file work01.tsv (TSV, C-alpha atoms and all ligand atoms)
chain	number	residue	atom	x	y	z
A	1	MET	CA	70.85	95.61	75.70
A	2	LYS	CA	73.57	95.91	78.38
A	3	LYS	CA	77.09	96.47	77.06
A	4	PHE	CA	80.35	95.23	78.59
A	5	ALA	CA	83.97	95.11	77.45
A	6	VAL	CA	87.47	94.06	78.43
A	7	ILE	CA	90.11	96.74	78.20
A	8	GLY	CA	93.87	96.30	78.09
A	9	ASN	CA	96.97	96.76	75.98
A	10	PRO	CA	97.50	94.40	74.15
A	11	ILE	CA	93.96	93.00	73.99
A	12	ASN	CA	93.67	90.93	70.82
A	13	HIS	CA	94.50	87.62	72.56
A	14	SER	CA	91.68	88.01	75.16
A	15	LEU	CA	89.18	85.14	75.42
A	16	SER	CA	86.83	87.20	77.62
A	17	PRO	CA	84.35	88.14	74.83
A	18	ILE	CA	83.90	84.44	73.89
A	19	ILE	CA	83.58	83.38	77.54
A	20	HIS	CA	81.03	86.10	78.39
A	21	GLN	CA	78.92	85.23	75.32
A	22	LEU	CA	78.95	81.55	76.38
A	23	LEU	CA	78.00	82.54	79.94
A	24	ALA	CA	75.15	84.74	78.64
A	25	LYS	CA	73.93	81.99	76.28
A	26	SER	CA	73.84	79.49	79.16
A	27	VAL	CA	71.24	81.62	80.98
A	28	ASN	CA	69.46	83.03	77.88
A	29	LEU	CA	70.66	86.57	78.41
A	30	ASN	CA	71.36	88.99	75.59
A	31	LEU	CA	74.36	91.23	76.08
A	32	LYS	CA	77.17	92.85	74.11
A	33	TYR	CA	80.78	92.21	75.17
A	34	GLU	CA	83.66	93.82	73.28
A	35	LYS	CA	87.47	94.09	73.39
A	36	ILE	CA	88.84	97.63	73.63
A	37	LEU	CA	92.48	98.51	73.14
A	38	VAL	CA	93.32	101.45	75.39
A	39	ASP	CA	96.35	103.67	74.96
A	40	GLU	CA	98.34	103.87	78.22
A	41	ASP	CA	98.48	107.70	78.14
A	42	ASN	CA	94.72	107.96	77.62
A	43	PHE	CA	93.69	105.53	80.35
A	44	PRO	CA	91.71	107.65	82.88
A	45	LYS	CA	90.08	109.78	80.15
A	46	ARG	CA	88.97	106.65	78.27
A	47	ILE	CA	87.44	105.10	81.41
A	48	PHE	CA	85.35	108.23	82.00
A	49	GLU	CA	84.18	108.14	78.35
A	50	LEU	CA	83.27	104.42	78.55
A	51	LYS	CA	81.29	105.05	81.74
A	52	ASN	CA	78.45	106.58	79.71
A	53	GLU	CA	78.15	103.68	77.30
A	54	TYR	CA	78.95	100.46	79.21
A	55	SER	CA	77.50	98.77	82.33
A	56	GLY	CA	80.82	97.27	83.33
A	57	LEU	CA	84.37	96.49	82.23
A	58	ASN	CA	86.96	93.82	82.81
A	59	ILE	CA	90.39	95.29	83.27
A	60	THR	CA	93.51	93.47	82.19
A	61	LEU	CA	97.23	94.19	81.78
A	62	PRO	CA	98.64	96.76	82.33
A	63	PHE	CA	95.74	98.60	84.02
A	64	LYS	CA	94.73	96.42	87.00
A	65	GLN	CA	96.52	98.68	89.48
A	66	ARG	CA	95.77	102.03	87.81
A	67	ILE	CA	92.01	101.42	87.82
A	68	VAL	CA	92.04	101.26	91.63
A	69	ASP	CA	93.17	104.92	91.88
A	70	ILE	CA	90.20	106.21	89.88
A	71	SER	CA	87.51	103.96	91.41
A	72	ASN	CA	84.97	105.42	93.84
A	73	GLU	CA	84.11	102.21	95.69
A	74	LYS	CA	86.45	99.29	96.35
A	75	THR	CA	86.02	95.91	97.99
A	76	LEU	CA	88.33	95.06	100.90
A	77	GLU	CA	90.15	92.66	98.56
A	78	VAL	CA	90.79	95.48	96.06
A	79	MET	CA	92.00	97.79	98.83
A	80	LEU	CA	94.39	95.19	100.25
A	81	THR	CA	95.72	93.86	96.94
A	82	GLY	CA	95.75	97.23	95.14
A	83	SER	CA	94.46	95.48	92.04
A	84	ALA	CA	91.06	95.20	90.31
A	85	ASN	CA	89.88	93.26	87.25
A	86	THR	CA	86.15	94.09	87.27
A	87	ILE	CA	84.43	97.45	87.42
A	88	SER	CA	80.75	98.27	87.44
A	89	PHE	CA	79.32	101.64	86.51
A	90	GLU	CA	76.43	102.39	88.84
A	91	ASN	CA	74.82	105.75	89.63
A	92	ASN	CA	77.73	107.48	87.95
A	93	LEU	CA	80.18	105.72	90.30
A	94	ILE	CA	83.03	103.33	89.45
A	95	LYS	CA	82.89	100.24	91.67
A	96	ALA	CA	85.95	98.00	91.68
A	97	ASP	CA	86.17	94.27	92.40
A	98	ASN	CA	88.84	91.63	91.94
A	99	THR	CA	87.59	88.20	90.84
A	100	ASP	CA	90.96	86.56	90.02
A	101	GLY	CA	91.43	85.08	93.51
A	102	TYR	CA	87.85	83.82	93.50
A	103	GLY	CA	88.47	82.19	90.09
A	104	LEU	CA	91.60	80.44	91.34
A	105	ILE	CA	90.00	79.09	94.53
A	106	LYS	CA	86.85	77.97	92.70
A	107	ASP	CA	88.92	76.14	90.07
A	108	LEU	CA	90.95	74.40	92.78
A	109	ASN	CA	87.75	73.41	94.61
A	110	ASP	CA	86.20	72.08	91.38
A	111	PHE	CA	89.37	69.98	90.95
A	112	GLY	CA	88.87	68.63	94.48
A	113	PHE	CA	91.62	70.62	96.19
A	114	ASP	CA	90.82	72.34	99.50
A	115	VAL	CA	93.13	75.22	100.41
A	116	LYS	CA	92.11	75.13	104.09
A	117	ASP	CA	94.91	73.67	106.23
A	118	SER	CA	97.13	73.10	103.16
A	119	SER	CA	100.69	74.33	102.69
A	120	ILE	CA	101.05	76.45	99.60
A	121	LEU	CA	103.98	77.71	97.57
A	122	LEU	CA	103.17	80.82	95.50
A	123	ILE	CA	105.81	81.60	92.87
A	124	GLY	CA	105.85	85.13	91.43
A	125	ALA	CA	105.43	88.59	92.87
A	126	GLY	CA	103.75	90.46	90.03
A	127	GLY	CA	100.13	91.47	89.49
A	128	ALA	CA	98.79	87.91	89.39
A	129	ALA	CA	100.48	86.72	92.61
A	130	ASN	CA	99.57	89.91	94.48
A	131	GLY	CA	96.02	89.75	93.12
A	132	VAL	CA	95.27	86.22	94.42
A	133	ILE	CA	97.15	86.07	97.73
A	134	TYR	CA	94.38	87.68	99.81
A	135	ARG	CA	91.81	85.08	98.68
A	136	ILE	CA	94.24	82.23	99.34
A	137	LEU	CA	95.03	83.48	102.85
A	138	SER	CA	91.35	84.04	103.59
A	139	GLN	CA	90.79	80.27	103.08
A	140	ASN	CA	93.02	79.62	106.12
A	141	PRO	CA	95.85	77.54	104.69
A	142	ARG	CA	98.33	76.13	107.20
A	143	ALA	CA	101.34	77.77	105.59
A	144	MET	CA	102.08	80.14	102.72
A	145	TYR	CA	105.58	80.12	101.22
A	146	LEU	CA	106.57	82.79	98.72
A	147	HIS	CA	109.24	82.69	96.03
A	148	ASN	CA	110.24	84.99	93.18
A	149	ARG	CA	113.17	85.49	90.81
A	150	THR	CA	113.67	88.94	92.33
A	151	ILE	CA	113.55	87.77	95.91
A	152	GLU	CA	113.19	91.25	97.46
A	153	LYS	CA	109.65	91.43	96.06
A	154	SER	CA	108.69	88.19	97.86
A	155	MET	CA	110.29	89.57	101.03
A	156	SER	CA	108.05	92.66	100.85
A	157	MET	CA	105.02	90.43	100.31
A	158	VAL	CA	105.92	88.35	103.38
A	159	THR	CA	106.18	91.52	105.50
A	160	LYS	CA	102.95	93.00	104.15
A	161	TRP	CA	100.80	89.88	104.56
A	162	ARG	CA	102.23	88.97	107.97
A	163	ASN	CA	101.08	92.43	109.08
A	164	GLU	CA	97.63	92.03	107.51
A	165	TYR	CA	97.15	88.46	108.75
A	166	LYS	CA	98.18	88.41	112.38
A	167	SER	CA	96.93	84.83	112.62
A	168	SER	CA	98.24	81.32	112.91
A	169	ILE	CA	99.04	81.10	109.18
A	170	GLU	CA	102.77	80.70	108.67
A	171	ILE	CA	103.86	83.17	105.96
A	172	LYS	CA	107.52	82.97	104.95
A	173	LEU	CA	110.00	82.75	102.12
A	174	PHE	CA	110.29	79.38	100.40
A	175	SER	CA	113.39	77.29	101.13
A	176	GLU	CA	114.43	73.82	99.94
A	177	ASP	CA	113.82	72.28	103.38
A	178	VAL	CA	110.02	72.90	103.22
A	179	LYS	CA	109.56	71.10	99.85
A	180	LYS	CA	108.16	67.95	101.46
A	181	ASN	CA	105.49	69.95	103.38
A	182	ILE	CA	103.95	71.58	100.32
A	183	ASP	CA	100.54	70.46	98.98
A	184	LEU	CA	100.06	73.05	96.23
A	185	ILE	CA	102.60	74.86	94.03
A	186	ILE	CA	101.18	77.82	92.11
A	187	ASN	CA	103.12	79.27	89.20
A	188	ALA	CA	101.99	82.92	89.03
A	189	THR	CA	104.97	84.02	86.93
A	190	SER	CA	105.04	84.91	83.25
A	191	SER	CA	108.22	82.83	82.83
A	192	SER	CA	106.63	80.63	80.12
A	193	LEU	CA	106.58	83.70	77.86
A	194	ASN	CA	110.33	84.33	78.03
A	195	SER	CA	112.05	81.17	79.27
A	196	SER	CA	112.21	77.47	78.41
A	197	ILE	CA	112.82	76.37	81.99
A	198	SER	CA	110.43	76.04	84.92
A	199	PRO	CA	110.71	78.87	87.50
A	200	ILE	CA	111.23	76.12	90.11
A	201	ASN	CA	112.74	72.67	90.09
A	202	LEU	CA	109.84	70.37	90.95
A	203	SER	CA	111.92	67.39	92.05
A	204	GLY	CA	111.85	66.65	95.78
A	205	PHE	CA	108.23	67.74	96.40
A	206	LYS	CA	105.85	65.15	97.84
A	207	LYS	CA	104.09	62.83	95.36
A	208	GLN	CA	100.60	64.19	96.19
A	209	ALA	CA	101.52	67.83	95.52
A	210	LEU	CA	99.39	69.62	92.91
A	211	CYS	CA	101.15	71.93	90.43
A	212	TYR	CA	98.96	74.83	89.23
A	213	ASP	CA	100.07	77.03	86.33
A	214	MET	CA	98.09	80.25	85.91
A	215	MET	CA	99.10	80.24	82.25
A	216	TYR	CA	96.81	78.35	79.89
A	217	GLY	CA	96.62	77.30	76.29
A	218	LYS	CA	99.95	75.44	76.03
A	219	LYS	CA	102.13	72.93	77.89
A	220	THR	CA	104.48	75.22	79.77
A	221	PRO	CA	107.98	74.32	81.08
A	222	PHE	CA	106.42	74.31	84.58
A	223	ILE	CA	103.75	71.76	83.53
A	224	ASN	CA	106.36	69.69	81.66
A	225	CYS	CA	108.50	69.68	84.81
A	226	ALA	CA	105.46	68.48	86.83
A	227	ILE	CA	104.92	65.67	84.31
A	228	GLU	CA	108.62	64.65	84.49
A	229	ASN	CA	108.30	64.45	88.28
A	230	ASN	CA	105.00	62.50	88.19
A	231	LEU	CA	103.09	65.29	89.92
A	232	LYS	CA	99.44	66.24	89.35
A	233	PHE	CA	98.94	69.44	87.37
A	234	LEU	CA	96.28	71.92	86.26
A	235	ASP	CA	96.49	74.97	84.02
A	236	GLY	CA	94.82	78.37	84.46
A	237	LEU	CA	91.93	77.97	82.00
A	238	GLY	CA	89.51	77.10	84.80
A	239	MET	CA	90.64	80.16	86.75
A	240	LEU	CA	90.01	82.31	83.69
A	241	VAL	CA	86.47	80.99	83.16
A	242	ASN	CA	85.63	81.16	86.89
A	243	GLN	CA	86.86	84.75	87.29
A	244	ALA	CA	84.72	85.67	84.25
A	245	ALA	CA	81.70	83.90	85.78
A	246	GLU	CA	82.16	85.90	88.99
A	247	SER	CA	82.32	89.20	87.03
A	248	PHE	CA	79.17	88.04	85.21
A	249	ARG	CA	77.47	87.39	88.57
A	250	ILE	CA	78.43	90.84	89.88
A	251	TRP	CA	77.05	92.56	86.78
A	252	ASN	CA	73.97	90.43	86.03
A	253	ASN	CA	73.14	88.95	89.43
A	254	VAL	CA	73.15	85.43	87.97
A	255	LYS	CA	75.32	82.66	89.41
A	256	ILE	CA	76.70	80.13	86.93
A	257	ASP	CA	76.93	76.52	88.13
A	258	SER	CA	80.09	74.36	88.02
A	259	LEU	CA	78.74	72.06	85.27
A	260	THR	CA	78.20	75.02	82.92
A	261	ILE	CA	81.71	76.29	83.75
A	262	LYS	CA	83.10	72.86	82.83
A	263	LYS	CA	81.18	72.87	79.53
A	264	ILE	CA	82.54	76.32	78.68
A	265	LYS	CA	86.10	75.15	79.48
A	266	ASP	CA	85.58	72.17	77.17
A	267	GLU	CA	84.24	74.41	74.37
A	268	LEU	CA	87.31	76.66	74.65
A	269	LEU	CA	89.63	73.67	74.28
A	270	TYR	CA	88.21	72.85	70.83
B	301	LIG	P1	103.75	90.50	85.92
B	301	LIG	O1	104.49	91.00	84.73
B	301	LIG	O2	103.10	91.45	86.84
B	301	LIG	O3	104.75	89.61	86.82
B	301	LIG	C1	105.58	88.66	86.23
B	301	LIG	C2	106.17	87.75	87.29
B	301	LIG	O4	106.85	86.67	86.62
B	301	LIG	C3	107.21	88.42	88.20
B	301	LIG	O5	107.14	87.83	89.47
B	301	LIG	C4	108.53	88.03	87.48
B	301	LIG	O6	109.65	87.99	88.34
B	301	LIG	C5	108.21	86.63	87.04
B	301	LIG	N1	109.03	86.18	85.91
B	301	LIG	C6	109.04	86.68	84.65
B	301	LIG	N2	109.90	85.96	83.87
B	301	LIG	C7	110.45	85.02	84.67
B	301	LIG	C8	111.41	83.99	84.46
B	301	LIG	N3	111.97	83.78	83.27
B	301	LIG	N4	111.75	83.19	85.50
B	301	LIG	C9	111.17	83.37	86.72
B	301	LIG	N5	110.26	84.34	86.99
B	301	LIG	C10	109.90	85.16	85.97
B	301	LIG	O7	102.70	89.43	85.32
B	301	LIG	P2	101.35	88.95	86.03
B	301	LIG	O8	101.69	88.68	87.45
B	301	LIG	O9	100.24	89.87	85.72
B	301	LIG	O10	101.01	87.59	85.26
B	301	LIG	C11	101.71	86.38	85.51
B	301	LIG	C12	101.06	85.25	84.75
B	301	LIG	O11	99.78	84.93	85.27
B	301	LIG	C13	100.87	85.54	83.27
B	301	LIG	O12	101.37	84.44	82.56
B	301	LIG	C14	99.38	85.66	83.10
B	301	LIG	O13	98.95	85.18	81.83
B	301	LIG	C15	98.87	84.73	84.20
B	301	LIG	N6	97.51	85.09	84.65
B	301	LIG	C16	96.51	84.17	84.47
B	301	LIG	C17	95.23	84.45	84.89
B	301	LIG	C18	94.15	83.42	84.69
B	301	LIG	O14	92.97	83.77	84.83
B	301	LIG	N7	94.48	82.18	84.41
B	301	LIG	C19	94.87	85.73	85.50
B	301	LIG	C20	96.00	86.62	85.69
B	301	LIG	C21	97.27	86.29	85.25
B	301	LIG	P3	110.53	89.32	88.64
B	301	LIG	O15	109.81	90.03	89.74
B	301	LIG	O16	111.85	88.79	89.02
B	301	LIG	O17	110.56	90.11	87.36
call {"tool": "encode", "arguments": {"input": "work01.tsv", "output": "structure tokens", "more": "lines below"}}
Ligand code: NDP
result
Amino acid sequence: MKKFAVIGNPINHSLSPIIHQLLAKSVNLNLKYEKILVDEDNFPKRIFELKNEYSGLNITLPFKQRIVDISNEKTLEVMLTGSANTISFENNLIKADNTDGYGLIKDLNDFGFDVKDSSILLIGAGGAANGVIYRILSQNPRAMYLHNRTIEKSMSMVTKWRNEYKSSIEIKLFSEDVKKNIDLIINATSSSLNSSISPINLSGFKKQALCYDMMYGKKTPFINCAIENNLKFLDGLGMLVNQAAESFRIWNNVKIDSLTIKKIKDELLY
């Protein structure tokens, strides 16, 4: 039986083992999927040990960047974002992918939102924001506005992605005067973990704007702010299940349909 695992520190909270078992059950596949707590000092050594026992690993905080350095093969997305969440062990090689951006776009599409030609505000400049920006830009939005508490980090992202995407996509820092243009506001910060206020004031955006919080599992200040301003909202559970389904496809060569993804989301809510 093939063995997989998610590694991180901390790791206890991870829903990945449950999601991967539900994905496997949906296509009658038998596999093992475990959670492994990895000590930060031991990281590369542990990966090389796990290589002999597992077919693939999901990588979560704080290792998404460090795994890139020790991978032998990387997708373009991994090279550009410098972040990976899925590795496959094949012919003694470590192959790195990033399925977070795929998960976000698929969840938005399943909700009925098309990124193409939309104006998007991405809040945050940490691993999550940097991990998904390539996939968002590759859908050809009209404009991409960036915002972060430490604004210098958003400024570096603007410079980097303008250089990578010498196209018609407008990439710039968010300012109050563009609020009415924005179709999608993505909260890719961890502010809900340490603050009781939304990382952005959601008043003044257009009525049709969709507010997407990458956090899941609770009503965050960002979601509450969307509700107060009568805006549509979605949390990150669908992104989580869809990124897992894409890792599952990479490892097992089986694509999971949207109805099954929805059923798994519903099961996780109960
Ligand atoms: P990082 O620690 O790398 O980055 C944190 C970001 O949040 C930084 O931009 C930081 O700003 C900002 N931030 C932290 N506290 C506040 C605050 N009080 N007010 C405003 N901004 C704040 O975390 P990640 O990028 O890895 O993760 C971000 C979130 O995305 C997490 O909640 C995580 O659970 C979620 N996530 C969800 C996924 C899913 O599948 N649904 C997948 C991946 C992540 P600054 O630079 O100023 O410190």
call {"tool": "closest_atom_pairs", "arguments": {"input": "work01.tsv", "of": "chain A", "to": "ligand LIG 301 (chain B)", "cutoff": "9 Å", "atoms": "all atoms listed in the file", "output": "tab-separated table"}}
result
residue	atom	partner	partner_atom	distance
A:Thr60	CA	B:LIG301	C20	8.1
A:Leu61	CA	B:LIG301	O9	6.6
A:Pro62	CA	B:LIG301	O9	7.8
A:Lys64	CA	B:LIG301	O9	8.7
A:Asp100	CA	B:LIG301	C19	6.0
A:Gly101	CA	B:LIG301	C19	8.7
A:Gly103	CA	B:LIG301	O14	7.1
A:Leu104	CA	B:LIG301	O14	7.4
A:Ile123	CA	B:LIG301	O5	7.2
A:Gly124	CA	B:LIG301	O5	3.6
A:Ala125	CA	B:LIG301	O5	3.9
A:Gly126	CA	B:LIG301	O2	3.4
A:Gly127	CA	B:LIG301	O8	3.8
A:Ala128	CA	B:LIG301	O8	3.6
A:Ala129	CA	B:LIG301	O8	5.7
A:Asn130	CA	B:LIG301	O8	7.4
A:Gly131	CA	B:LIG301	C20	8.1
A:Val132	CA	B:LIG301	C20	8.8
A:His147	CA	B:LIG301	O5	8.6
A:Asn148	CA	B:LIG301	O5	5.6
A:Arg149	CA	B:LIG301	O16	4.0
A:Thr150	CA	B:LIG301	O16	3.8
A:Ile151	CA	B:LIG301	O16	7.2
A:Glu152	CA	B:LIG301	O15	8.5
A:Lys153	CA	B:LIG301	O15	6.5
A:Ser154	CA	B:LIG301	O15	8.4
A:Asn187	CA	B:LIG301	O11	7.7
A:Ala188	CA	B:LIG301	O11	4.8
A:Thr189	CA	B:LIG301	O4	3.3
A:Ser190	CA	B:LIG301	O12	3.8
A:Ser191	CA	B:LIG301	C7	3.6
A:Ser192	CA	B:LIG301	O12	6.9
A:Leu193	CA	B:LIG301	O12	7.1
A:Asn194	CA	B:LIG301	N3	5.5
A:Ser195	CA	B:LIG301	N3	4.8
A:Ser196	CA	B:LIG301	N3	8.0
A:Ile197	CA	B:LIG301	N3	7.6
A:Ser198	CA	B:LIG301	N4	7.3
A:Pro199	CA	B:LIG301	C9	4.6
A:Ile200	CA	B:LIG301	C9	8.0
A:Asp213	CA	B:LIG301	N7	7.8
A:Met214	CA	B:LIG301	N7	4.4
A:Met215	CA	B:LIG301	O12	4.8
A:Tyr216	CA	B:LIG301	N7	6.4
A:Asp235	CA	B:LIG301	N7	7.5
A:Gly236	CA	B:LIG301	N7	3.8
A:Leu237	CA	B:LIG301	N7	5.5
A:Gly238	CA	B:LIG301	N7	7.1
A:Met239	CA	B:LIG301	O14	4.7
A:Leu240	CA	B:LIG301	O14	3.5
A:Val241	CA	B:LIG301	O14	7.3
A:Asn242	CA	B:LIG301	O14	8.1
A:Gln243	CA	B:LIG301	O14	6.7
A:Ala244	CA	B:LIG301	O14	8.5
call {"tool": "closest_residue", "arguments": {"input": "work01.tsv", "among": "A:Leu80, A:Ile185, A:Ile67, A:Leu15", "to": "Glu164 in chain A", "atoms": "only C-alpha atoms"}}
result
A:Leu80
call {"tool": "atom_distance", "arguments": {"input": "work01.tsv", "atom1": "CA of Gly56 in chain A", "atom2": "CA of Ser247 in chain A"}}
result
9.0 Å
call {"tool": "atom_distance", "arguments": {"input": "work01.tsv", "atom1": "CA of Glu267 in chain A", "atom2": "CA of Ala24 in chain A"}}
result
14.4 Å
call {"tool": "atom_distance", "arguments": {"input": "work01.tsv", "atom1": "CA of Phe4 in chain A", "atom2": "CA of Val68 in chain A"}}
result
18.5 Å
call {"tool": "closest_residue", "arguments": {"input": "work01.tsv", "among": "A:Leu268, A:Leu231, A:Leu31, A:Val254", "to": "Gly217 in chain A", "atoms": "only C-alpha atoms"}}
result
A:Leu268
call {"tool": "closest_residue", "arguments": {"input": "work01.tsv", "among": "A:Ala226, A:Leu29, A:Ile169, A:Met157", "to": "Asn253 in chain A", "atoms": "all atoms listed in the file"}}
result
A:Leu29
call {"tool": "closest_residue", "arguments": {"input": "work01.tsv", "among": "A:Phe48, A:Tyr54, A:Phe174, A:Phe113", "to": "Ala143 in chain A", "atoms": "only C-alpha atoms"}}
result
A:Phe174
call {"tool": "residues_around", "arguments": {"input": "work01.tsv", "residues": "Lys116 in chain A", "least_positions_apart": "6", "cutoff": "7 Å", "atoms": "only C-alpha atoms", "output": "list in words"}}
result
Gln139, Asn140 and Pro141 of chain A
call {"tool": "closest_residue", "arguments": {"input": "work01.tsv", "among": "A:Val38, A:Ile59, A:Ile182, A:Cys225", "to": "Asp117 in chain A", "atoms": "only C-alpha atoms"}}
result
A:Ile182
call {"tool": "residues_around", "arguments": {"input": "work01.tsv", "residues": "Ser55 in chain A", "least_positions_apart": "6", "cutoff": "7 Å", "atoms": "all atoms listed in the file", "output": "ChimeraX atom specification"}}
result
/A:2-4,88-89
call {"tool": "residues_around", "arguments": {"input": "work01.tsv", "residues": "Asn91 in chain A", "least_positions_apart": "4", "cutoff": "12 Å", "atoms": "all atoms listed in the file", "output": "VMD selection string"}}
result
chain A and resid 51 to 52 55 72 to 73 95
call {"tool": "closest_residue", "arguments": {"input": "work01.tsv", "among": "A:Thr81, A:Thr99, A:Thr220, A:Ser118", "to": "Trp161 in chain A", "atoms": "only C-alpha atoms"}}
result
A:Thr81
call {"tool": "decode", "arguments": {"input": "work01.tsv", "residues": "range 136-143 of chain A", "atoms": "all heavy atoms", "output": "mmCIF file, in the first residue's frame"}}
result
data_model
loop_
_atom_site.group_PDB
_atom_site.id
_atom_site.type_symbol
_atom_site.label_atom_id
_atom_site.label_comp_id
_atom_site.auth_asym_id
_atom_site.auth_seq_id
_atom_site.Cartn_x
_atom_site.Cartn_y
_atom_site.Cartn_z
ATOM 1 N N ILE A 136 -2.961 33.146 -9.764
ATOM 2 C CA ILE A 136 -3.971 34.200 -9.999
ATOM 3 C C ILE A 136 -3.590 34.977 -11.254
ATOM 4 O O ILE A 136 -4.410 35.177 -12.154
ATOM 5 C CB ILE A 136 -4.083 35.156 -8.786
ATOM 6 C CG1 ILE A 136 -4.494 34.398 -7.530
ATOM 7 C CG2 ILE A 136 -5.085 36.276 -9.082
ATOM 8 C CD1 ILE A 136 -4.509 35.239 -6.260
ATOM 9 N N LEU A 137 -2.316 35.379 -11.344
ATOM 10 C CA LEU A 137 -1.889 36.184 -12.500
ATOM 11 C C LEU A 137 -1.998 35.374 -13.798
ATOM 12 O O LEU A 137 -2.301 35.933 -14.848
ATOM 13 C CB LEU A 137 -0.453 36.680 -12.298
ATOM 14 C CG LEU A 137 -0.305 37.777 -11.225
ATOM 15 C CD1 LEU A 137 1.161 38.034 -10.904
ATOM 16 C CD2 LEU A 137 -0.980 39.074 -11.658
ATOM 17 N N SER A 138 -1.767 34.060 -13.692
ATOM 18 C CA SER A 138 -1.813 33.269 -14.920
ATOM 19 C C SER A 138 -3.241 33.101 -15.456
ATOM 20 O O SER A 138 -3.431 32.614 -16.565
ATOM 21 C CB SER A 138 -1.112 31.926 -14.754
ATOM 22 O OG SER A 138 -1.761 31.203 -13.755
ATOM 23 N N GLN A 139 -4.253 33.522 -14.654
ATOM 24 C CA GLN A 139 -5.646 33.495 -15.147
ATOM 25 C C GLN A 139 -6.008 34.783 -15.893
ATOM 26 O O GLN A 139 -7.156 34.994 -16.246
ATOM 27 C CB GLN A 139 -6.631 33.366 -13.971
ATOM 28 C CG GLN A 139 -6.407 32.172 -13.069
ATOM 29 C CD GLN A 139 -6.653 30.880 -13.797
ATOM 30 O OE1 GLN A 139 -7.716 30.673 -14.353
ATOM 31 N NE2 GLN A 139 -5.656 30.024 -13.807
ATOM 32 N N ASN A 140 -5.028 35.681 -16.018
ATOM 33 C CA ASN A 140 -5.256 36.965 -16.709
ATOM 34 C C ASN A 140 -6.321 37.866 -16.101
ATOM 35 O O ASN A 140 -7.293 38.241 -16.778
ATOM 36 C CB ASN A 140 -5.592 36.737 -18.186
ATOM 37 C CG ASN A 140 -4.337 36.426 -18.955
ATOM 38 O OD1 ASN A 140 -3.319 37.100 -18.763
ATOM 39 N ND2 ASN A 140 -4.397 35.404 -19.775
ATOM 40 N N PRO A 141 -6.165 38.221 -14.836
ATOM 41 C CA PRO A 141 -7.079 39.223 -14.277
ATOM 42 C C PRO A 141 -6.817 40.582 -14.944
ATOM 43 O O PRO A 141 -5.779 40.748 -15.600
ATOM 44 C CB PRO A 141 -6.684 39.268 -12.802
ATOM 45 C CG PRO A 141 -5.270 38.827 -12.770
ATOM 46 C CD PRO A 141 -5.101 37.856 -13.897
ATOM 47 N N ARG A 142 -7.739 41.527 -14.754
ATOM 48 C CA ARG A 142 -7.500 42.851 -15.332
ATOM 49 C C ARG A 142 -6.457 43.603 -14.485
ATOM 50 O O ARG A 142 -5.546 44.221 -15.009
ATOM 51 C CB ARG A 142 -8.819 43.637 -15.385
ATOM 52 C CG ARG A 142 -8.682 44.967 -16.110
ATOM 53 C CD ARG A 142 -10.025 45.627 -16.383
ATOM 54 N NE ARG A 142 -10.788 45.803 -15.159
ATOM 55 C CZ ARG A 142 -11.989 45.264 -14.935
ATOM 56 N NH1 ARG A 142 -12.554 44.517 -15.839
ATOM 57 N NH2 ARG A 142 -12.635 45.473 -13.798
ATOM 58 N N ALA A 143 -6.659 43.510 -13.168
ATOM 59 C CA ALA A 143 -5.749 44.244 -12.278
ATOM 60 C C ALA A 143 -5.504 43.453 -11.002
ATOM 61 O O ALA A 143 -6.377 42.708 -10.549
ATOM 62 C CB ALA A 143 -6.354 45.600 -11.937
#
